[in-house]
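**Student:** For reference, this is coords.cif, and it has mmCIF, C-alpha atoms.
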```cif
data_run
#
loop_
_atom_site.label_atom_id
_atom_site.label_comp_id
_atom_site.auth_asym_id
_atom_site.auth_seq_id
_atom_site.Cartn_x
_atom_site.Cartn_y
_atom_site.Cartn_z
CA MET P 1 59.24 102.33 121.96
CA THR P 2 57.30 103.48 125.01
CA LEU P 3 55.11 106.56 124.84
CA TYR P 4 57.48 108.31 127.24
CA ASP P 5 60.38 107.64 124.88
CA ALA P 6 58.37 108.98 121.94
CA TYR P 7 57.40 112.11 123.88
CA ILE P 8 60.94 112.87 125.06
CA SER P 9 62.21 112.33 121.53
CA GLU P 10 59.86 115.07 120.32
CA VAL P 11 61.02 117.36 123.14
CA LYS P 12 64.69 116.83 122.27
CA ALA P 13 63.94 117.52 118.61
CA GLY P 14 62.41 120.86 119.59
CA ARG P 15 58.95 119.98 118.33
CA LEU P 16 57.44 119.90 121.83
CA THR P 17 57.98 121.76 125.08
CA GLU P 18 58.12 119.44 128.07
CA ASP P 19 54.93 119.82 130.10
CA ALA P 20 54.34 118.11 133.47
CA ALA P 21 50.61 117.69 132.84
CA GLN P 22 51.26 116.13 129.44
CA LEU P 23 53.83 113.76 130.98
CA ALA P 24 51.22 112.61 133.50
CA ALA P 25 48.84 111.91 130.61
CA VAL P 26 51.64 110.09 128.76
CA ALA P 27 51.97 107.75 131.75
CA ALA P 28 48.24 106.99 131.66
CA LEU P 29 48.29 106.42 127.90
CA GLU P 30 51.38 104.23 128.18
CA GLN P 31 49.39 101.78 130.31
CA VAL P 32 47.03 101.35 127.37
CA ARG P 33 49.87 100.89 124.88
CA ALA P 34 51.67 98.38 127.10
CA GLY P 35 48.49 96.42 127.71
CA LEU P 36 47.71 96.20 124.02
CA ALA P 37 51.28 95.05 123.31
CA VAL P 38 50.70 91.86 125.32
CA PRO P 39 49.62 89.03 122.96
CA VAL P 40 46.07 87.79 123.43
CA PRO P 41 45.89 84.05 124.18
CA LYS P 42 44.39 82.06 121.32
CA ARG P 43 40.77 81.26 121.87
CA GLY P 44 40.08 77.65 122.70
CA PHE P 45 36.75 75.91 122.65
CA PHE P 46 36.16 76.62 126.34
CA ARG P 47 37.92 80.01 126.49
CA LYS P 48 35.81 83.13 126.67
CA THR P 49 36.61 86.42 124.96
CA PRO P 50 39.35 88.06 127.03
CA ASP P 51 38.55 91.25 128.88
CA PRO P 52 39.80 94.28 126.93
CA VAL P 53 42.71 96.33 128.13
CA LYS P 54 41.18 99.15 130.17
CA GLY P 55 40.72 102.25 128.04
CA LEU P 56 41.19 105.92 128.84
CA TYR P 57 38.95 108.98 128.82
CA LEU P 58 41.32 111.95 128.46
CA TRP P 59 39.69 115.30 129.02
CA GLY P 60 40.81 118.90 129.34
CA GLY P 61 40.58 122.34 127.81
CA VAL P 62 41.05 123.15 124.14
CA GLY P 63 44.67 123.34 123.00
CA ARG P 64 46.23 121.38 125.87
CA GLY P 65 47.63 118.65 123.62
CA LYS P 66 45.01 115.89 123.86
CA SER P 67 44.91 115.16 120.13
CA MET P 68 48.70 115.36 119.86
CA LEU P 69 49.08 112.74 122.61
CA MET P 70 46.41 110.62 120.92
CA ASP P 71 48.45 110.83 117.70
CA MET P 72 51.46 109.57 119.62
CA LEU P 73 49.57 106.67 121.20
CA TYR P 74 47.93 105.67 117.93
CA ALA P 75 51.29 105.59 116.17
CA GLN P 76 52.76 103.26 118.80
CA VAL P 77 49.84 100.81 119.03
CA THR P 78 50.41 97.87 116.69
CA VAL P 79 47.16 95.88 117.05
CA PRO P 80 44.34 96.29 114.50
CA LYS P 81 43.03 99.77 115.14
CA GLN P 82 40.81 102.60 113.99
CA ARG P 83 40.71 106.29 114.78
CA GLN P 84 37.89 108.72 114.04
CA HIS P 85 36.47 112.03 115.11
CA PHE P 86 33.55 111.10 117.39
CA HIS P 87 31.05 113.04 115.30
CA ALA P 88 32.13 111.22 112.12
CA PHE P 89 32.01 107.87 113.94
CA MET P 90 28.42 108.42 115.06
CA GLN P 91 27.45 109.38 111.51
CA TRP P 92 28.91 106.07 110.33
CA VAL P 93 27.05 104.21 113.09
CA HIS P 94 23.73 105.76 112.04
CA ALA P 95 24.36 104.83 108.40
CA GLU P 96 25.20 101.23 109.33
CA MET P 97 22.11 100.96 111.54
CA THR P 98 19.91 102.29 108.73
CA ALA P 99 21.37 99.69 106.36
CA ALA P 100 20.80 96.94 108.94
CA ARG P 101 17.15 97.92 109.38
CA ALA P 102 16.72 97.89 105.61
CA ARG P 103 17.90 94.26 105.68
CA GLY P 104 15.23 93.46 108.25
CA VAL P 105 17.56 93.26 111.27
CA ASP P 106 15.63 93.85 114.51
CA ASP P 107 18.60 94.87 116.67
CA ALA P 108 20.44 97.29 114.38
CA ILE P 109 23.26 97.98 116.88
CA LYS P 110 24.37 94.35 116.98
CA PRO P 111 25.82 94.16 113.43
CA VAL P 112 27.65 97.47 114.00
CA VAL P 113 29.39 95.98 117.04
CA GLU P 114 30.11 92.74 115.18
CA THR P 115 31.66 94.61 112.24
CA LEU P 116 33.96 96.64 114.47
CA ALA P 117 34.91 93.73 116.75
CA ALA P 118 35.87 91.62 113.73
CA GLU P 119 38.19 94.30 112.38
CA ILE P 120 39.82 96.07 115.33
CA ARG P 121 41.05 95.70 118.89
CA PHE P 122 41.72 99.38 119.56
CA LEU P 123 39.30 102.24 118.85
CA ALA P 124 40.39 105.87 119.27
CA PHE P 125 38.06 108.88 119.27
CA ASP P 126 38.71 112.59 119.12
CA GLU P 127 36.42 115.04 120.90
CA MET P 128 33.64 112.96 122.40
CA GLN P 129 30.59 115.10 122.85
CA ILE P 130 26.93 114.14 123.00
CA THR P 131 24.50 116.80 121.83
CA ASP P 132 21.87 114.71 120.09
CA ILE P 133 19.14 112.66 121.82
CA THR P 134 19.49 109.87 119.24
CA ASP P 135 23.23 109.55 119.88
CA ALA P 136 22.60 109.60 123.61
CA MET P 137 20.28 106.62 123.31
CA ILE P 138 22.72 104.64 121.14
CA VAL P 139 26.18 105.06 122.69
CA GLY P 140 25.49 103.10 125.88
CA ARG P 141 24.54 99.86 124.15
CA LEU P 142 27.18 100.42 121.48
CA PHE P 143 30.06 100.80 123.94
CA GLU P 144 28.76 97.97 126.12
CA GLY P 145 28.89 95.70 123.07
CA LEU P 146 32.38 96.85 122.12
CA PHE P 147 33.73 96.27 125.63
CA ALA P 148 32.12 92.82 125.75
CA ALA P 149 33.79 92.01 122.41
CA GLY P 150 37.23 92.90 123.79
CA VAL P 151 37.71 96.29 122.11
CA THR P 152 39.77 98.89 123.99
CA VAL P 153 38.53 102.46 123.66
CA VAL P 154 40.47 105.69 124.19
CA THR P 155 38.78 109.04 123.71
CA THR P 156 39.50 112.72 124.18
CA SER P 157 36.93 115.27 125.28
CA ASN P 158 36.74 118.87 126.38
CA ARG P 159 34.62 117.96 129.40
CA PRO P 160 34.55 115.34 132.17
CA PRO P 161 32.20 112.36 131.79
CA ASP P 162 29.70 113.76 134.29
CA ASP P 163 29.18 116.80 132.07
CA LEU P 164 28.37 114.83 128.89
CA TYR P 165 24.91 115.53 127.50
CA GLN P 166 24.37 117.99 130.34
CA HIS P 167 20.77 119.32 130.43
CA GLY P 168 19.92 117.01 127.51
CA LEU P 169 16.44 115.64 126.91
CA ASN P 170 15.75 112.51 129.02
CA ARG P 171 19.28 112.70 130.41
CA GLN P 172 18.42 110.18 133.14
CA LEU P 173 18.45 107.51 130.42
CA PHE P 174 22.01 108.54 129.51
CA VAL P 175 23.44 108.44 133.05
CA PRO P 176 24.18 104.66 132.98
CA PHE P 177 26.56 105.31 130.06
CA ILE P 178 28.55 107.70 132.25
CA ALA P 179 28.83 104.94 134.86
CA LEU P 180 29.97 102.54 132.13
CA ILE P 181 32.72 104.95 131.08
CA LYS P 182 34.01 105.17 134.65
CA GLN P 183 33.90 101.39 135.03
CA ARG P 184 35.61 100.42 131.77
CA MET P 185 37.90 103.42 131.18
CA ASP P 186 40.31 105.33 133.39
CA VAL P 187 39.37 109.01 133.51
CA HIS P 188 42.33 111.40 133.35
CA GLN P 189 42.28 115.19 133.26
CA LEU P 190 44.96 116.88 131.17
CA GLY P 191 45.28 119.90 133.40
CA SER P 192 48.00 121.86 131.63
CA GLU P 193 47.80 125.60 132.23
CA THR P 194 49.13 126.28 128.73
CA ASP P 195 46.84 126.49 125.71
CA TYR P 196 49.33 125.49 123.01
CA ARG P 197 46.90 125.97 120.15
CA GLN P 198 46.04 129.45 121.38
CA GLY P 199 49.75 130.17 121.76
CA ARG P 200 50.41 129.26 118.14
CA LEU P 201 47.52 131.41 117.00
CA SER P 202 48.47 134.38 119.19
CA GLU P 203 51.84 134.49 117.45
CA SER P 204 50.20 135.01 114.07
CA PRO P 205 47.44 137.12 112.52
CA ARG P 206 44.21 135.26 111.86
CA TYR P 207 42.82 137.46 109.12
CA PHE P 208 45.01 137.88 106.05
CA THR P 209 44.41 140.57 103.46
CA PRO P 210 45.00 141.12 100.63
CA ASN P 211 44.61 137.56 99.44
CA ASP P 212 48.03 137.36 97.84
CA ALA P 213 50.98 134.95 97.78
CA LYS P 214 52.07 136.07 101.26
CA ALA P 215 48.62 135.29 102.66
CA VAL P 216 48.67 131.86 101.00
CA ALA P 217 52.07 131.09 102.54
CA GLU P 218 50.93 132.17 106.02
CA ILE P 219 47.76 130.08 105.75
CA GLU P 220 49.81 127.06 104.71
CA LYS P 221 52.10 127.52 107.71
CA LEU P 222 49.17 127.74 110.14
CA TRP P 223 47.50 124.70 108.58
CA HIS P 224 50.69 122.71 108.98
CA ASP P 225 51.16 123.87 112.59
CA LEU P 226 47.59 123.11 113.63
CA ALA P 227 46.80 120.00 111.59
CA GLY P 228 50.21 118.67 110.63
CA GLY P 229 49.46 119.42 106.99
CA SER P 230 47.16 116.40 106.80
CA VAL P 231 44.67 116.58 103.92
CA ALA P 232 41.69 114.28 104.26
CA PRO P 233 38.13 115.16 103.25
CA PHE P 234 35.45 114.95 105.90
CA ALA P 235 31.72 114.42 105.33
CA LEU P 236 29.15 116.11 107.50
CA HIS P 237 25.78 114.37 107.42
CA VAL P 238 22.98 116.89 107.74
CA LYS P 239 19.36 115.80 107.41
CA GLY P 240 20.19 113.02 104.99
CA ARG P 241 22.64 115.09 102.93
CA GLU P 242 26.43 115.10 102.80
CA VAL P 243 28.42 118.31 103.11
CA ILE P 244 32.05 117.69 102.17
CA ILE P 245 34.78 119.60 103.99
CA PRO P 246 37.90 119.33 101.78
CA ALA P 247 40.42 118.93 104.62
CA PHE P 248 40.02 118.00 108.28
CA HIS P 249 42.30 116.75 111.05
CA ASN P 250 41.98 116.74 114.85
CA GLY P 251 39.17 119.27 114.97
CA VAL P 252 40.81 121.63 112.45
CA ALA P 253 39.00 122.11 109.13
CA ARG P 254 40.02 123.90 105.96
CA ALA P 255 37.75 125.06 103.14
CA SER P 256 37.44 127.87 100.62
CA PHE P 257 34.68 130.47 100.47
CA ALA P 258 33.40 128.71 97.36
CA ASP P 259 33.26 125.36 99.19
CA LEU P 260 30.97 126.74 101.89
CA CYS P 261 29.19 129.75 100.42
CA SER P 262 28.83 129.12 96.68
CA LYS P 263 26.89 125.93 97.24
CA PRO P 264 23.24 125.70 98.38
CA LEU P 265 24.02 125.31 102.07
CA GLY P 266 21.98 126.67 104.95
CA ALA P 267 21.89 127.28 108.69
CA ALA P 268 21.63 123.57 109.57
CA ASP P 269 24.82 122.82 107.61
CA TYR P 270 26.76 125.64 109.23
CA LEU P 271 25.51 124.77 112.73
CA THR P 272 26.65 121.17 112.23
CA LEU P 273 30.04 122.44 111.06
CA ALA P 274 30.34 124.68 114.12
CA GLU P 275 29.49 121.76 116.41
CA THR P 276 32.14 119.57 114.75
CA VAL P 277 35.23 121.76 114.34
CA ARG P 278 37.24 123.83 116.79
CA VAL P 279 39.23 125.75 114.17
CA LEU P 280 38.15 126.66 110.64
CA ILE P 281 40.60 127.96 108.04
CA LEU P 282 38.48 129.75 105.43
CA THR P 283 40.30 130.95 102.32
CA ASP P 284 39.62 133.20 99.32
CA ILE P 285 36.81 135.36 100.72
CA PRO P 286 35.96 137.81 97.87
CA ARG P 287 34.46 141.28 98.01
CA LEU P 288 30.71 141.00 98.46
CA SER P 289 28.01 142.91 96.64
CA ARG P 290 24.71 142.62 94.83
CA ASP P 291 26.49 140.49 92.23
CA ASN P 292 27.09 137.67 94.73
CA PHE P 293 24.22 138.44 97.08
CA ASN P 294 23.29 134.79 97.76
CA GLU P 295 26.88 133.91 98.60
CA ALA P 296 27.05 136.93 100.89
CA LYS P 297 23.90 135.84 102.72
CA ARG P 298 25.36 132.38 103.27
CA PHE P 299 28.61 133.92 104.52
CA VAL P 300 26.67 135.96 107.11
CA ILE P 301 24.88 132.81 108.34
CA LEU P 302 28.18 130.90 108.42
CA ILE P 303 29.92 133.56 110.53
CA ASP P 304 26.94 133.70 112.91
CA ALA P 305 27.14 129.92 113.40
CA LEU P 306 30.90 129.98 113.97
CA TYR P 307 30.59 132.92 116.36
CA GLU P 308 27.84 131.33 118.44
CA GLY P 309 29.76 128.02 118.41
CA HIS P 310 32.96 129.72 119.66
CA VAL P 311 34.96 128.39 116.73
CA GLN P 312 38.40 129.84 116.05
CA LEU P 313 38.44 131.32 112.56
CA ILE P 314 41.44 131.94 110.29
CA CYS P 315 40.73 133.76 107.01
CA SER P 316 42.25 135.04 103.82
CA ALA P 317 40.14 137.76 102.21
CA ALA P 318 40.14 140.39 99.50
CA SER P 319 39.60 143.23 101.99
CA ALA P 320 39.42 144.08 105.67
CA PRO P 321 36.12 143.03 107.33
CA GLU P 322 34.64 146.54 107.15
CA ASP P 323 35.43 146.81 103.44
CA LEU P 324 34.21 143.41 102.29
CA TYR P 325 30.65 144.62 101.67
CA GLN P 326 30.80 148.32 100.89
CA ALA P 327 27.46 149.15 99.31
CA GLY P 328 24.21 147.76 98.06
CA GLU P 329 21.42 145.64 99.48
CA GLY P 330 22.61 143.82 102.58
CA SER P 331 25.57 146.09 103.31
CA PHE P 332 23.95 147.57 106.44
CA GLU P 333 23.19 144.13 107.87
CA PHE P 334 26.78 143.09 107.15
CA GLU P 335 28.08 145.54 109.77
CA ARG P 336 27.36 142.99 112.50
CA THR P 337 29.23 140.32 110.56
CA ALA P 338 32.23 142.63 110.15
CA SER P 339 32.16 143.33 113.88
CA ARG P 340 32.11 139.62 114.66
CA LEU P 341 34.98 138.97 112.27
CA ARG P 342 37.01 141.57 114.16
CA GLU P 343 36.10 140.11 117.55
CA MET P 344 37.08 136.60 116.41
CA GLN P 345 40.61 137.82 115.67
CA ALA P 346 41.31 138.73 119.31
CA ASP P 347 43.83 136.71 121.34
CA ASP P 348 41.14 135.99 123.97
CA TRP P 349 38.80 134.43 121.39
CA PRO P 350 37.00 132.11 121.89
CA PRO P 351 35.64 133.19 125.28
CA LEU P 352 35.72 130.78 128.19
CA VAL P 353 32.37 129.07 128.73
#
```
Please lay out the structure from this file as structure tokens.
**Tutor:**
Amino acid sequence: MTLYDAYISEVKAGRLTEDAAQLAAVAALEQVRAGLAVPVPKRGFFRKTPDPVKGLYLWGGVGRGKSMLMDMLYAQVTVPKQRQHFHAFMQWVHAEMTAARARGVDDAIKPVVETLAAEIRFLAFDEMQITDITDAMIVGRLFEGLFAAGVTVVTTSNRPPDDLYQHGLNRQLFVPFIALIKQRMDVHQLGSETDYRQGRLSESPRYFTPNDAKAVAEIEKLWHDLAGGSVAPFALHVKGREVIIPAFHNGVARASFADLCSKPLGAADYLTLAETVRVLILTDIPRLSRDNFNEAKRFVILIDALYEGHVQLICSAASAPEDLYQAGEGSFEFERTASRLREMQADDWPPLV
């Protein structure tokens, strides 16, 4: 089945609305699928590794359908494949490089490339973004090795290649990677004027109180709409520690208040979370007081990180924001948090940046 056939099938079933910009992206992605469907000639003694099918860098605003189209492509590709969120992939790369160095390997990137090239022919990423100087120094050599090994790469991003690692430290050392992307991957903008994710959220409240059976049902519906109901834990690696998010899919995370605020987490953990997810569903927020003061402090830091990171927040809570922390030490400082919780429920949140 071609990608166009798969897309139109979803439209006819009422699960998608036909979108001209998405159809243009489908055509670009179909070239990748069709190329990967062609059998690779068996390697002879004098035959070199075949050039990979040219990949695709699909970029556009949040909610335009990039991850949905990636889902569609990934389902139709039949060669050995792997798909990861870019942040999770880079965490895995760092772990593999650390293990290689521990074995005395001088070039720690080489075994990472060899491992991937031996297992897959197609590598799919969600949400490529480079914010860390260490990642910026690694990705160029990593991708160069993958391309040389015949691996086809498709990635989504919220920004064009030229804006990656913008204003980053020693960015001039990163610029050759941007040139490599343009050489080995087609760059396609998904320019739909419709934010489908925002549309789904604008049709529903984002803050549910009281935290009763109705709230649970509404949260379940939103989780299914935004993430397809997928439940897979996701590990954030923060300064050598793992922070487990119970459920994550396509930039949408789900966790309870206890998962994020009853454990000894801090600002670095919440900032990493805010850099990784675009939507957080946070359930079972209790009333806050002196009795759970530490949890309340963590909740304040978490909301600050999500707010500054322009993350869309969906909550179920025991009370309205203004009534969550009614009295006692910390209640005055909580007024700002309550205000931010209100602002994050607006249809125009997150703001355009």
**Student:** Counting all atoms listed in the file, which residues come within 12 Å of (30.6, 131.9, 95.7), with the point read in the file's coordinates, and could you list them as a PyMOL selection string?
**Tutor:** chain P and resi 256-265+283-289+291-299
**Student:** From the list P:His94, P:Asn170, P:His87, P:Ile314, which residue is nearest Phe208 in chain P when using all atoms listed in the file?
**Tutor:** P:Ile314
**Student:** What are the centre and the three edge lengths of an axis-aligned box that wraps all atoms of range 167-174 of chain P in the file, given that 4 Å is added to every side, written as lines of an AutoDock Vina configuration file and rounded to one decimal in Å?
**Tutor:**
```
center_x = 18.9
center_y = 113.4
center_z = 130.0
size_x = 14.3
size_y = 19.8
size_z = 14.2
```
**Student:** Could you check which of P:Cys315, P:Ala148, P:Val187, P:His167 is closest to Leu222 in chain P, using all atoms listed in the file?
**Tutor:** P:Cys315
**Student:** To verify the selection step, state as a PDB file with C-alpha atoms, in the coordinates of the input which residues the PyMOL selection byres ((chain P and resi 38) around 12) yields on this input.
**Tutor:**
```
ATOM      1  CA  GLN P  31      49.390 101.780 130.310  1.00  0.00           C
ATOM      2  CA  VAL P  32      47.030 101.350 127.370  1.00  0.00           C
ATOM      3  CA  ARG P  33      49.870 100.890 124.880  1.00  0.00           C
ATOM      4  CA  ALA P  34      51.670  98.380 127.100  1.00  0.00           C
ATOM      5  CA  GLY P  35      48.490  96.420 127.710  1.00  0.00           C
ATOM      6  CA  LEU P  36      47.710  96.200 124.020  1.00  0.00           C
ATOM      7  CA  ALA P  37      51.280  95.050 123.310  1.00  0.00           C
ATOM      8  CA  PRO P  39      49.620  89.030 122.960  1.00  0.00           C
ATOM      9  CA  VAL P  40      46.070  87.790 123.430  1.00  0.00           C
ATOM     10  CA  PRO P  41      45.890  84.050 124.180  1.00  0.00           C
ATOM     11  CA  PRO P  52      39.800  94.280 126.930  1.00  0.00           C
ATOM     12  CA  VAL P  53      42.710  96.330 128.130  1.00  0.00           C
ATOM     13  CA  VAL P  77      49.840 100.810 119.030  1.00  0.00           C
ATOM     14  CA  THR P  78      50.410  97.870 116.690  1.00  0.00           C
ATOM     15  CA  VAL P  79      47.160  95.880 117.050  1.00  0.00           C
TER      16      VAL P  79
END
```
**Student:** Just say which residues the PyMOL selection byres ((chain P and resi 159) around 12) picks in this file, as a ChimeraX atom specification.
**Tutor:** /P:57-62,66,127-130,155-158,160-166,187-191,353
**Student:** Find, counting only C-alpha atoms, the residue in P:Phe234, P:Tyr7, P:Phe143, P:Phe89 that gets nearest to Leu273 in chain P.
**Tutor:**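 Closest to Leu273 in chain P, using only C-alpha atoms: P:Phe234.
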**Student:** Compare P:Leu23, P:Ser316, P:Pro246, P:Glu275 by their minimum atom-to-atom distance to Ala213 in chain P, counting only C-alpha atoms, and give me the closest one.
**Tutor:**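 When distances to Ala213 in chain P are compared using only C-alpha atoms, the smallest one comes from P:Ser316.
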**Student:** Would you translate the PyMOL selection byres ((chain P and resi 5) around 12) into the concrete set of residues it matches in this file, as a list in words?
**Tutor:**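 Residues picked by the PyMOL selection byres ((chain P and resi 5) around 12): Met1, Thr2, Leu3, Tyr4, Ala6, Tyr7, Ile8, Ser9, Glu10, Val11, Lys12, Leu23, Val26, Ala27, Glu30, Met72, Leu73 and Gln76 of chain P.
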**Student:** Just write the chosen residues, C-alpha atoms, as a PDB file, in the frame of the given file.
**Tutor:**
```pdb
ATOM      1  CA  MET P   1      59.240 102.330 121.960  1.00  0.00           C
ATOM      2  CA  THR P   2      57.300 103.480 125.010  1.00  0.00           C
ATOM      3  CA  LEU P   3      55.110 106.560 124.840  1.00  0.00           C
ATOM      4  CA  TYR P   4      57.480 108.310 127.240  1.00  0.00           C
ATOM      5  CA  ALA P   6      58.370 108.980 121.940  1.00  0.00           C
ATOM      6  CA  TYR P   7      57.400 112.110 123.880  1.00  0.00           C
ATOM      7  CA  ILE P   8      60.940 112.870 125.060  1.00  0.00           C
ATOM      8  CA  SER P   9      62.210 112.330 121.530  1.00  0.00           C
ATOM      9  CA  GLU P  10      59.860 115.070 120.320  1.00  0.00           C
ATOM     10  CA  VAL P  11      61.020 117.360 123.140  1.00  0.00           C
ATOM     11  CA  LYS P  12      64.690 116.830 122.270  1.00  0.00           C
ATOM     12  CA  LEU P  23      53.830 113.760 130.980  1.00  0.00           C
ATOM     13  CA  VAL P  26      51.640 110.090 128.760  1.00  0.00           C
ATOM     14  CA  ALA P  27      51.970 107.750 131.750  1.00  0.00           C
ATOM     15  CA  GLU P  30      51.380 104.230 128.180  1.00  0.00           C
ATOM     16  CA  MET P  72      51.460 109.570 119.620  1.00  0.00           C
ATOM     17  CA  LEU P  73      49.570 106.670 121.200  1.00  0.00           C
ATOM     18  CA  GLN P  76      52.760 103.260 118.800  1.00  0.00           C
TER      19      GLN P  76
END
```
**Student:** Tell me, in Å to one decimal, how far CA of Val311 in chain P is from CA of Arg278 in chain P.
**Tutor:**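 Answer for the CA of Val311 in chain P to CA of Arg278 in chain P separation: 5.1 Å.
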**Student:** State, in Å with one decimal place, the distance from CA of Thr272 in chain P to CA of Gln172 in chain P.
**Tutor:** 25.0 Å
**Student:** Just the residues within 10 Å of range 98-102 of chain P, please, counting only C-alpha atoms, with nothing from its chain fewer than 6 positions along; format it as a list of chain:residue names.
**Tutor:**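 In the requested form, the answer reads P:Trp92, P:Ala108, P:Ile109, P:Lys110, P:Pro111, P:Val112.
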**Student:** Would you put the residues from that selection into a file with C-alpha atoms, as a PDB file, in the coordinates of the input?
**Tutor:**
```pdb
ATOM      1  CA  TRP P  92      28.910 106.070 110.330  1.00  0.00           C
ATOM      2  CA  ALA P 108      20.440  97.290 114.380  1.00  0.00           C
ATOM      3  CA  ILE P 109      23.260  97.980 116.880  1.00  0.00           C
ATOM      4  CA  LYS P 110      24.370  94.350 116.980  1.00  0.00           C
ATOM      5  CA  PRO P 111      25.820  94.160 113.430  1.00  0.00           C
ATOM      6  CA  VAL P 112      27.650  97.470 114.000  1.00  0.00           C
TER       7      VAL P 112
END
```
**Student:** In terms of the shortest atom-to-atom distance over only C-alpha atoms, which of P:Ala318, P:Ala13, P:Ala247, P:Ile301 is closest to Thr209 in chain P?
**Tutor:** P:Ala318
**Student:** Just to confirm, what's the straight-line distance from CA of Ile244 in chain P to CA of Ala268 in chain P in Å (one decimal)?
**Tutor:**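 Those two atoms sit 14.1 Å apart.
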**Student:** If we draw a sphere of 7 Å around (38.7, 110.1, 118.3), which residues have at least one atom in it when counting all atoms listed in the file? Please report them as a list in words.
**Tutor:** Arg83, Gln84, His85, Phe86, Ala124, Phe125, Asp126, Glu127, Thr155 and Thr156 of chain P
**Student:** Point out the residue among P:Gly309, P:Ala25, P:Pro210, P:His249 with the least atom-to-atom distance to Asp225 in chain P, counting all atoms listed in the file.
**Tutor:**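 Going through P:Gly309, P:Ala25, P:Pro210, P:His249 one by one, the smallest distance to Asp225 in chain P is for P:His249.
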